[in-house]
Amino acid sequence: MIRLVLLLTLLAAAAFGVSWLADRPGEIAVVWEGWRVETTVPVALAVIAVVSGVLLLLWRLLSLLVRSPKLIAAFSRRRKREKGWQAVSRGLLAVGIGDNAAVRQARHDAARLLPHEPLTHLLTAQAAQLDGKPEVAIAAFRAMVDDPSTRLLGLRGLHMEARKAGDKAAAYAIAEEAASAAPTLGWAADAVIEARCAAGDYAGARTVLERQMAQKGIDKAQYKRRRAVLLAAEAIALEQTDPLVAREKAVEAVRLAPTLVPAAACAGRLLGAAGELRKAAKIVETAFAANPHPELADVEAYLRPGDAALDRLKRIRTLANKAPSQRESAIALARAAIDAQEFRQARLVLEPLLEDPSQRVCLLMAELEAAEHADIGKAREWTARAVRANRDPAWIADGVVSDRWAPVSPVSGRLDAFVWEVPPGVSATPILEHEAERVKAAIAAVRASEDAKIAEQKKIAEQKLAEEKLAELKAVETKAAETAAAEAATSGAAVVVAEAPVPPEPVAASATPASKTNDPKTPAPKMPDPKAAEPVPVILAPPAGNGADSARARARQNGKPETGKKADAIVALPPLPDDPGPEADATEEPDPSSKSRRLMGL
């Protein structure tokens, strides 16, 4: 707009000047060498302008002829440079596409047209990388390192080649050199931090981070987060060896990043072990409200060692109230309720999640069925459903699934790369293994209980069988005694039964404690031997004066053969109160009244 105003102003001034001169034409006369020229002022000015333009044009033509060699050389160089840049551009595009033939042709043209350009070295190195020639690429990058303008680019290329070759020491040394030359370089700082974290030198990693912050390489929020990550990693590393220093590091990490889960979990464990339960609970609850995580729930549950399951359930209820709508809150509450044997509450908590259950929810239901109803069938059914259920979150970084958090990525070395997300394309996560172990323990407990019941029932059955056999033996003995008594009464013999001692009755299975019943080392009670309990009949000689013996004796004296009828065996019965016994009968004279007394006694 300003230019338009100026242009209009100039045009107006020129028109005013021409009009002013036209109103005052005047006269000009020039006399030179006999020539006299007369004209007006406007015509003279026009002639002067034309002559000046012609002279200027002639001067330009003359200067162009004089400078034509230089102009032709400059044009040739410019044309060559343009062709070289076109070759570089074409080669870089071919590298991106992956066209090896086009890359080689472009590299050849660029090396011929622009042999000393940094991008030509870069194209040569990338072409060598594409062709699988690391030696050529390393030579190109070293040539770039020698040039101050491309030194950092060459160092990065050498660093990448060293990482590809697996030479961690060389990669670390190159990254240290690049970080010293330019502290603001992100890749160099990350590489140095990765190397120092791998060596456990978290203090050295923080030094690199401090230097990067001093050079304004990162903003303040990013600096706080990265420093908190390094402090949390150092606290976790020192948790078992130096708890006091670890507690200080963890608390500082929580102050810088209150929502960092590993820092909050480590601080909660250490503060709980030190007896600062209120502070530890506050840290854990703050982190859980922002990022619900199962590790935080475990820390909150076991904040005070030795607490009963009901006390842990109380703390988990308080924690779940910090994030009541989160899935992790319901899972943590259900686990605590199962441990406390509050099965009804656990079922109520898990019921809203059963419409679209995850693997952990299915395994919790399996554990609940096994613990509450001892139903192994339903437990196995829920376990089978867990195989096809939705996956649970896990720690992942650059596609790597890990069972624990780490400060840097194992692939790229990037600091604070791990995130708690559902990994794509993974059948199971590491946290699932812990839940599966709980289900196995619950099913094993059910089986152990069933085995104990079966063993107890078997012992009771064996005891009943032994008692029945003992009763049968007693009945047989009684029947045998009655039969012998009847036969003795018929034959008139003295009958005495000597009974074997009755074995002591086995101890009832119900009197044995349940804990000792299941102990394999406890010897089982010995069952009575039926053969040992069988009475042994004692055959005694008949008393003197028996009628049958007298008859046989008279027959032998008279020389008559004995009849085929044999004397019946005499079964010894217990002596009667008025019976002196067989010994007395053998020594004393037979008394006719004694036989009647024994018979009367029978």
# chains A, B, ... in the order shown; residues from 1 in each chain; ligands from 1
call {"tool": "residues_around", "arguments": {"residues": "A:Ala273", "least_positions_apart": "5", "cutoff": "10 Å", "atoms": "only C-alpha atoms", "output": "PyMOL selection string"}}
result
chain A and resi 243+267-268+280+302-305
call {"tool": "residues_around", "arguments": {"residues": "stretch 253-263 of chain A", "least_positions_apart": "2", "cutoff": "6 Å", "atoms": "only C-alpha atoms", "output": "ChimeraX atom specification"}}
result
/A:224,228,231-232,250-251,265-266,287
call {"tool": "write_last_selection", "arguments": {"atoms": "all heavy atoms", "output": "short mmCIF file (atom, residue, chain, number, x, y, z; two decimals), in the first residue's frame"}}
result
data_model
loop_
_atom_site.label_atom_id
_atom_site.label_comp_id
_atom_site.auth_asym_id
_atom_site.auth_seq_id
_atom_site.Cartn_x
_atom_site.Cartn_y
_atom_site.Cartn_z
N LYS A 224 12.74 -32.02 35.39
CA LYS A 224 12.25 -32.56 36.66
C LYS A 224 11.84 -34.03 36.51
O LYS A 224 12.14 -34.86 37.36
CB LYS A 224 11.06 -31.74 37.16
CG LYS A 224 11.44 -30.38 37.73
CD LYS A 224 10.21 -29.69 38.29
CE LYS A 224 10.58 -28.36 38.94
NZ LYS A 224 9.38 -27.67 39.49
N ALA A 228 13.69 -37.16 38.32
CA ALA A 228 12.92 -38.05 39.20
C ALA A 228 13.09 -39.50 38.77
O ALA A 228 13.20 -40.41 39.61
CB ALA A 228 11.45 -37.65 39.17
N LEU A 231 16.51 -40.66 39.98
CA LEU A 231 16.51 -40.83 41.43
C LEU A 231 15.74 -42.08 41.84
O LEU A 231 16.16 -42.82 42.75
CB LEU A 231 15.90 -39.60 42.09
CG LEU A 231 16.76 -38.34 42.07
CD1 LEU A 231 15.96 -37.14 42.55
CD2 LEU A 231 18.00 -38.51 42.96
N ALA A 232 14.62 -42.33 41.16
CA ALA A 232 13.84 -43.54 41.47
C ALA A 232 14.64 -44.80 41.14
O ALA A 232 14.63 -45.78 41.91
CB ALA A 232 12.53 -43.52 40.70
N ALA A 250 14.26 -41.75 47.06
CA ALA A 250 12.87 -42.00 46.66
C ALA A 250 11.97 -40.84 47.04
O ALA A 250 11.09 -40.44 46.25
CB ALA A 250 12.38 -43.30 47.30
N VAL A 251 12.16 -40.28 48.21
CA VAL A 251 11.33 -39.14 48.64
C VAL A 251 11.58 -37.93 47.75
O VAL A 251 10.65 -37.21 47.37
CB VAL A 251 11.60 -38.82 50.12
CG1 VAL A 251 10.92 -37.51 50.52
CG2 VAL A 251 11.11 -39.95 51.01
N ALA A 265 6.07 -46.22 44.79
CA ALA A 265 6.08 -47.56 45.38
C ALA A 265 7.33 -47.78 46.24
O ALA A 265 7.24 -48.31 47.36
CB ALA A 265 6.02 -48.61 44.28
N CYS A 266 8.48 -47.35 45.75
CA CYS A 266 9.72 -47.52 46.52
C CYS A 266 9.68 -46.67 47.79
O CYS A 266 10.04 -47.14 48.87
CB CYS A 266 10.91 -47.14 45.65
SG CYS A 266 12.51 -47.36 46.44
N ALA A 287 -0.26 -41.14 44.30
CA ALA A 287 0.14 -41.74 43.03
C ALA A 287 -0.94 -42.64 42.46
O ALA A 287 -1.16 -42.68 41.24
CB ALA A 287 1.44 -42.52 43.22
#
call {"tool": "atom_distance", "arguments": {"atom1": "atom CA of A:Gly200", "atom2": "atom CA of A:Gly186"}}
result
20.7 Å
call {"tool": "atom_distance", "arguments": {"atom1": "atom CA of A:Ala15", "atom2": "atom CA of A:Ile2"}}
result
20.0 Å
call {"tool": "atom_distance", "arguments": {"atom1": "atom CA of A:Phe343", "atom2": "atom CA of A:Arg360"}}
result
16.8 Å
call {"tool": "select_by_dssp", "arguments": {"residues": "stretch 321-502 of chain A", "states": "helix (DSSP H, G or I)", "output": "NGL selection string"}}
result
:A and (327-339 or 343-353 or 359-372 or 376-388 or 430-491)
call {"tool": "write_last_selection", "arguments": {"atoms": "C-alpha atoms", "output": "CSV table (one decimal), in the first residue's frame"}}
result
chain,number,residue,atom,x,y,z
A,327,ARG,CA,-10.7,-51.1,37.1
A,328,GLU,CA,-7.5,-51.5,39.1
A,329,SER,CA,-9.3,-50.4,42.2
A,330,ALA,CA,-11.9,-53.2,41.9
A,331,ILE,CA,-9.2,-55.8,41.2
A,332,ALA,CA,-7.1,-54.7,44.2
A,333,LEU,CA,-10.2,-54.7,46.5
A,334,ALA,CA,-11.2,-58.2,45.2
A,335,ARG,CA,-7.8,-59.6,45.9
A,336,ALA,CA,-7.7,-58.3,49.4
A,337,ALA,CA,-11.3,-59.6,50.1
A,338,ILE,CA,-10.3,-63.1,48.9
A,339,ASP,CA,-7.3,-63.0,51.2
A,343,PHE,CA,-15.9,-63.9,49.5
A,344,ARG,CA,-19.3,-62.2,49.2
A,345,GLN,CA,-17.7,-58.8,49.0
A,346,ALA,CA,-15.1,-60.0,46.4
A,347,ARG,CA,-17.9,-61.4,44.2
A,348,LEU,CA,-19.8,-58.1,44.4
A,349,VAL,CA,-16.8,-56.1,43.4
A,350,LEU,CA,-15.9,-58.4,40.5
A,351,GLU,CA,-19.5,-58.7,39.2
A,352,PRO,CA,-19.4,-55.4,37.2
A,353,LEU,CA,-16.2,-56.5,35.5
A,359,GLN,CA,-7.2,-62.2,32.2
A,360,ARG,CA,-6.6,-61.1,35.8
A,361,VAL,CA,-10.4,-60.9,36.4
A,362,CYS,CA,-10.8,-64.4,35.1
A,363,LEU,CA,-8.1,-65.7,37.3
A,364,LEU,CA,-9.5,-63.9,40.3
A,365,MET,CA,-12.8,-65.6,39.7
A,366,ALA,CA,-11.1,-68.9,39.4
A,367,GLU,CA,-9.3,-68.3,42.8
A,368,LEU,CA,-12.6,-67.2,44.3
A,369,GLU,CA,-14.5,-70.4,43.1
A,370,ALA,CA,-11.7,-72.6,44.5
A,371,ALA,CA,-11.4,-70.7,47.8
A,372,GLU,CA,-15.1,-70.2,48.5
A,376,ILE,CA,-12.1,-77.1,41.0
A,377,GLY,CA,-14.3,-77.5,37.9
A,378,LYS,CA,-15.4,-73.9,37.8
A,379,ALA,CA,-11.9,-72.7,38.7
A,380,ARG,CA,-10.6,-74.5,35.7
A,381,GLU,CA,-13.4,-73.1,33.5
A,382,TRP,CA,-12.4,-69.5,34.5
A,383,THR,CA,-8.8,-70.3,33.9
A,384,ALA,CA,-9.6,-71.5,30.4
A,385,ARG,CA,-11.5,-68.3,29.8
A,386,ALA,CA,-8.5,-66.3,30.8
A,387,VAL,CA,-6.6,-67.6,27.8
A,388,ARG,CA,-9.1,-65.9,25.4
A,430,PRO,CA,4.2,-60.9,33.2
A,431,ILE,CA,1.7,-59.8,35.8
A,432,LEU,CA,-0.6,-62.7,34.7
A,433,GLU,CA,2.0,-65.2,36.0
A,434,HIS,CA,1.6,-63.9,39.6
A,435,GLU,CA,-2.2,-64.3,39.4
A,436,ALA,CA,-1.8,-67.8,37.9
A,437,GLU,CA,0.3,-68.8,40.9
A,438,ARG,CA,-2.4,-67.6,43.3
A,439,VAL,CA,-4.9,-69.8,41.4
A,440,LYS,CA,-2.6,-72.8,41.5
A,441,ALA,CA,-2.2,-72.3,45.2
A,442,ALA,CA,-5.9,-72.1,45.8
A,443,ILE,CA,-6.6,-75.3,43.7
A,444,ALA,CA,-3.7,-77.1,45.5
A,445,ALA,CA,-5.3,-76.1,48.9
A,446,VAL,CA,-8.6,-77.6,47.7
A,447,ARG,CA,-7.0,-80.8,46.6
A,448,ALA,CA,-5.1,-81.1,49.9
A,449,SER,CA,-8.3,-80.6,51.8
A,450,GLU,CA,-10.1,-83.2,49.7
A,451,ASP,CA,-7.2,-85.7,50.2
A,452,ALA,CA,-7.3,-85.1,53.9
A,453,LYS,CA,-11.1,-85.8,54.0
A,454,ILE,CA,-10.6,-89.0,51.9
A,455,ALA,CA,-7.9,-90.2,54.2
A,456,GLU,CA,-10.0,-89.5,57.3
A,457,GLN,CA,-13.0,-91.3,55.7
A,458,LYS,CA,-10.8,-94.3,54.8
A,459,LYS,CA,-9.5,-94.5,58.4
A,460,ILE,CA,-13.0,-94.4,59.8
A,461,ALA,CA,-14.1,-97.2,57.3
A,462,GLU,CA,-11.1,-99.3,58.3
A,463,GLN,CA,-11.9,-98.9,62.0
A,464,LYS,CA,-15.5,-99.9,61.4
A,465,LEU,CA,-14.4,-102.9,59.4
A,466,ALA,CA,-12.1,-103.9,62.2
A,467,GLU,CA,-14.9,-103.5,64.8
A,468,GLU,CA,-17.2,-105.7,62.6
A,469,LYS,CA,-14.5,-108.4,62.3
A,470,LEU,CA,-14.0,-108.3,66.1
A,471,ALA,CA,-17.7,-108.6,66.7
A,472,GLU,CA,-17.9,-111.6,64.3
A,473,LEU,CA,-15.0,-113.3,66.1
A,474,LYS,CA,-16.7,-112.7,69.5
A,475,ALA,CA,-19.9,-114.2,68.1
A,476,VAL,CA,-18.0,-117.2,66.7
A,477,GLU,CA,-16.3,-117.7,70.1
A,478,THR,CA,-19.6,-117.5,71.9
A,479,LYS,CA,-21.2,-120.0,69.5
A,480,ALA,CA,-18.3,-122.4,69.8
A,481,ALA,CA,-18.4,-122.2,73.6
A,482,GLU,CA,-22.2,-122.9,73.6
A,483,THR,CA,-21.7,-125.8,71.2
A,484,ALA,CA,-18.9,-127.3,73.3
A,485,ALA,CA,-20.9,-126.9,76.5
A,486,ALA,CA,-23.9,-128.7,74.9
A,487,GLU,CA,-21.7,-131.6,73.7
A,488,ALA,CA,-20.0,-131.8,77.1
A,489,ALA,CA,-23.4,-131.9,78.8
A,490,THR,CA,-24.4,-134.7,76.5
A,491,SER,CA,-21.2,-136.8,77.0
call {"tool": "residues_around", "arguments": {"residues": "A:Ile218", "least_positions_apart": "4", "cutoff": "12 Å", "atoms": "only C-alpha atoms", "output": "mmCIF file with N, CA, C and O atoms, in the first residue's frame"}}
result
data_model
loop_
_atom_site.group_PDB
_atom_site.id
_atom_site.type_symbol
_atom_site.label_atom_id
_atom_site.label_comp_id
_atom_site.auth_asym_id
_atom_site.auth_seq_id
_atom_site.Cartn_x
_atom_site.Cartn_y
_atom_site.Cartn_z
ATOM 1 N N PRO A 183 26.489 -30.104 24.427
ATOM 2 C CA PRO A 183 25.667 -30.677 25.506
ATOM 3 C C PRO A 183 24.178 -30.682 25.200
ATOM 4 O O PRO A 183 23.424 -31.425 25.840
ATOM 5 N N THR A 184 23.735 -29.867 24.264
ATOM 6 C CA THR A 184 22.304 -29.811 23.963
ATOM 7 C C THR A 184 21.837 -30.918 23.026
ATOM 8 O O THR A 184 20.633 -31.022 22.767
ATOM 9 N N LEU A 185 22.778 -31.704 22.499
ATOM 10 C CA LEU A 185 22.380 -32.781 21.590
ATOM 11 C C LEU A 185 21.617 -33.853 22.371
ATOM 12 O O LEU A 185 22.160 -34.461 23.301
ATOM 13 N N GLY A 186 20.378 -34.091 21.964
ATOM 14 C CA GLY A 186 19.554 -35.059 22.677
ATOM 15 C C GLY A 186 20.055 -36.480 22.535
ATOM 16 O O GLY A 186 20.104 -37.228 23.519
ATOM 17 N N ALA A 189 23.248 -37.011 24.693
ATOM 18 C CA ALA A 189 22.950 -37.065 26.118
ATOM 19 C C ALA A 189 22.232 -38.350 26.492
ATOM 20 O O ALA A 189 22.549 -38.996 27.509
ATOM 21 N N ASP A 190 21.288 -38.763 25.652
ATOM 22 C CA ASP A 190 20.562 -40.002 25.935
ATOM 23 C C ASP A 190 21.489 -41.214 25.883
ATOM 24 O O ASP A 190 21.362 -42.141 26.693
ATOM 25 N N VAL A 208 25.170 -35.525 33.591
ATOM 26 C CA VAL A 208 24.917 -35.221 32.170
ATOM 27 C C VAL A 208 23.602 -34.460 32.025
ATOM 28 O O VAL A 208 23.495 -33.503 31.247
ATOM 29 N N LEU A 209 22.600 -34.865 32.794
ATOM 30 C CA LEU A 209 21.307 -34.176 32.731
ATOM 31 C C LEU A 209 21.417 -32.738 33.229
ATOM 32 O O LEU A 209 20.820 -31.824 32.639
ATOM 33 N N GLU A 210 22.198 -32.533 34.282
ATOM 34 C CA GLU A 210 22.390 -31.171 34.800
ATOM 35 C C GLU A 210 23.092 -30.296 33.755
ATOM 36 O O GLU A 210 22.741 -29.124 33.565
ATOM 37 N N ARG A 211 24.091 -30.838 33.082
ATOM 38 C CA ARG A 211 24.799 -30.087 32.056
ATOM 39 C C ARG A 211 23.888 -29.760 30.878
ATOM 40 O O ARG A 211 23.937 -28.654 30.324
ATOM 41 N N GLN A 212 23.035 -30.699 30.538
ATOM 42 C CA GLN A 212 22.088 -30.447 29.456
ATOM 43 C C GLN A 212 21.092 -29.354 29.848
ATOM 44 O O GLN A 212 20.727 -28.505 29.024
ATOM 45 N N MET A 213 20.676 -29.349 31.100
ATOM 46 C CA MET A 213 19.754 -28.300 31.560
ATOM 47 C C MET A 213 20.437 -26.948 31.619
ATOM 48 O O MET A 213 19.837 -25.912 31.294
ATOM 49 N N ALA A 214 21.720 -26.942 32.007
ATOM 50 C CA ALA A 214 22.438 -25.663 32.073
ATOM 51 C C ALA A 214 22.585 -25.022 30.700
ATOM 52 O O ALA A 214 22.602 -23.792 30.585
ATOM 53 N N GLN A 222 10.566 -31.120 31.728
ATOM 54 C CA GLN A 222 11.226 -32.344 31.272
ATOM 55 C C GLN A 222 12.421 -32.680 32.150
ATOM 56 O O GLN A 222 12.686 -33.851 32.441
ATOM 57 N N TYR A 223 13.128 -31.667 32.600
ATOM 58 C CA TYR A 223 14.273 -31.892 33.492
ATOM 59 C C TYR A 223 13.825 -32.512 34.813
ATOM 60 O O TYR A 223 14.451 -33.474 35.308
ATOM 61 N N LYS A 224 12.741 -32.022 35.394
ATOM 62 C CA LYS A 224 12.248 -32.563 36.661
ATOM 63 C C LYS A 224 11.843 -34.028 36.508
ATOM 64 O O LYS A 224 12.137 -34.865 37.364
ATOM 65 N N ARG A 225 11.149 -34.301 35.422
ATOM 66 C CA ARG A 225 10.703 -35.677 35.207
ATOM 67 C C ARG A 225 11.891 -36.629 35.047
ATOM 68 O O ARG A 225 11.927 -37.701 35.666
ATOM 69 N N ARG A 226 12.875 -36.234 34.245
ATOM 70 C CA ARG A 226 14.034 -37.101 34.025
ATOM 71 C C ARG A 226 14.866 -37.266 35.292
ATOM 72 O O ARG A 226 15.361 -38.362 35.584
ATOM 73 N N ARG A 227 15.000 -36.218 36.055
ATOM 74 C CA ARG A 227 15.748 -36.323 37.309
ATOM 75 C C ARG A 227 15.023 -37.249 38.290
ATOM 76 O O ARG A 227 15.650 -38.054 38.989
#
call {"tool": "closest_residue", "arguments": {"among": "A:Ala106, A:Val41, A:Ala128, A:Ala237", "to": "A:Leu93", "atoms": "only C-alpha atoms"}}
result
A:Ala106
call {"tool": "residues_around", "arguments": {"residues": "A:Lys282", "least_positions_apart": "4", "cutoff": "10 Å", "atoms": "only C-alpha atoms", "output": "PDB file with N, CA and C atoms, in the first residue's frame"}}
result
ATOM      1  N   ALA A 264       6.939 -43.731  43.809  1.00  0.00           N
ATOM      2  CA  ALA A 264       5.971 -43.779  44.906  1.00  0.00           C
ATOM      3  C   ALA A 264       5.971 -45.146  45.584  1.00  0.00           C
ATOM      4  N   GLY A 268       7.015 -45.684  49.388  1.00  0.00           N
ATOM      5  CA  GLY A 268       6.044 -46.271  50.307  1.00  0.00           C
ATOM      6  C   GLY A 268       6.610 -47.461  51.058  1.00  0.00           C
ATOM      7  N   LEU A 277       4.065 -44.612  58.647  1.00  0.00           N
ATOM      8  CA  LEU A 277       2.939 -45.180  57.896  1.00  0.00           C
ATOM      9  C   LEU A 277       2.063 -44.104  57.279  1.00  0.00           C
ATOM     10  N   ARG A 278       1.838 -43.026  57.999  1.00  0.00           N
ATOM     11  CA  ARG A 278       0.941 -41.997  57.483  1.00  0.00           C
ATOM     12  C   ARG A 278       1.527 -41.320  56.245  1.00  0.00           C
ATOM     13  N   THR A 286      -1.702 -40.775  46.696  1.00  0.00           N
ATOM     14  CA  THR A 286      -1.620 -39.705  45.693  1.00  0.00           C
ATOM     15  C   THR A 286      -1.239 -40.262  44.325  1.00  0.00           C
ATOM     16  N   ALA A 287      -0.263 -41.140  44.304  1.00  0.00           N
ATOM     17  CA  ALA A 287       0.143 -41.738  43.026  1.00  0.00           C
ATOM     18  C   ALA A 287      -0.943 -42.643  42.461  1.00  0.00           C
ATOM     19  N   PHE A 288      -1.647 -43.376  43.335  1.00  0.00           N
ATOM     20  CA  PHE A 288      -2.693 -44.291  42.862  1.00  0.00           C
ATOM     21  C   PHE A 288      -3.873 -43.518  42.284  1.00  0.00           C
ATOM     22  N   GLU A 300       0.437 -50.671  49.480  1.00  0.00           N
ATOM     23  CA  GLU A 300      -0.538 -50.195  50.462  1.00  0.00           C
ATOM     24  C   GLU A 300      -1.024 -51.345  51.336  1.00  0.00           C
ATOM     25  N   LEU A 319      -7.709 -47.028  49.832  1.00  0.00           N
ATOM     26  CA  LEU A 319      -7.004 -46.747  48.579  1.00  0.00           C
ATOM     27  C   LEU A 319      -7.961 -46.751  47.392  1.00  0.00           C
TER      28      LEU A 319
END
call {"tool": "closest_residue", "arguments": {"among": "A:Val411, A:Val422, A:Leu119, A:Gly154", "to": "A:Arg391", "atoms": "only C-alpha atoms"}}
result
A:Val422
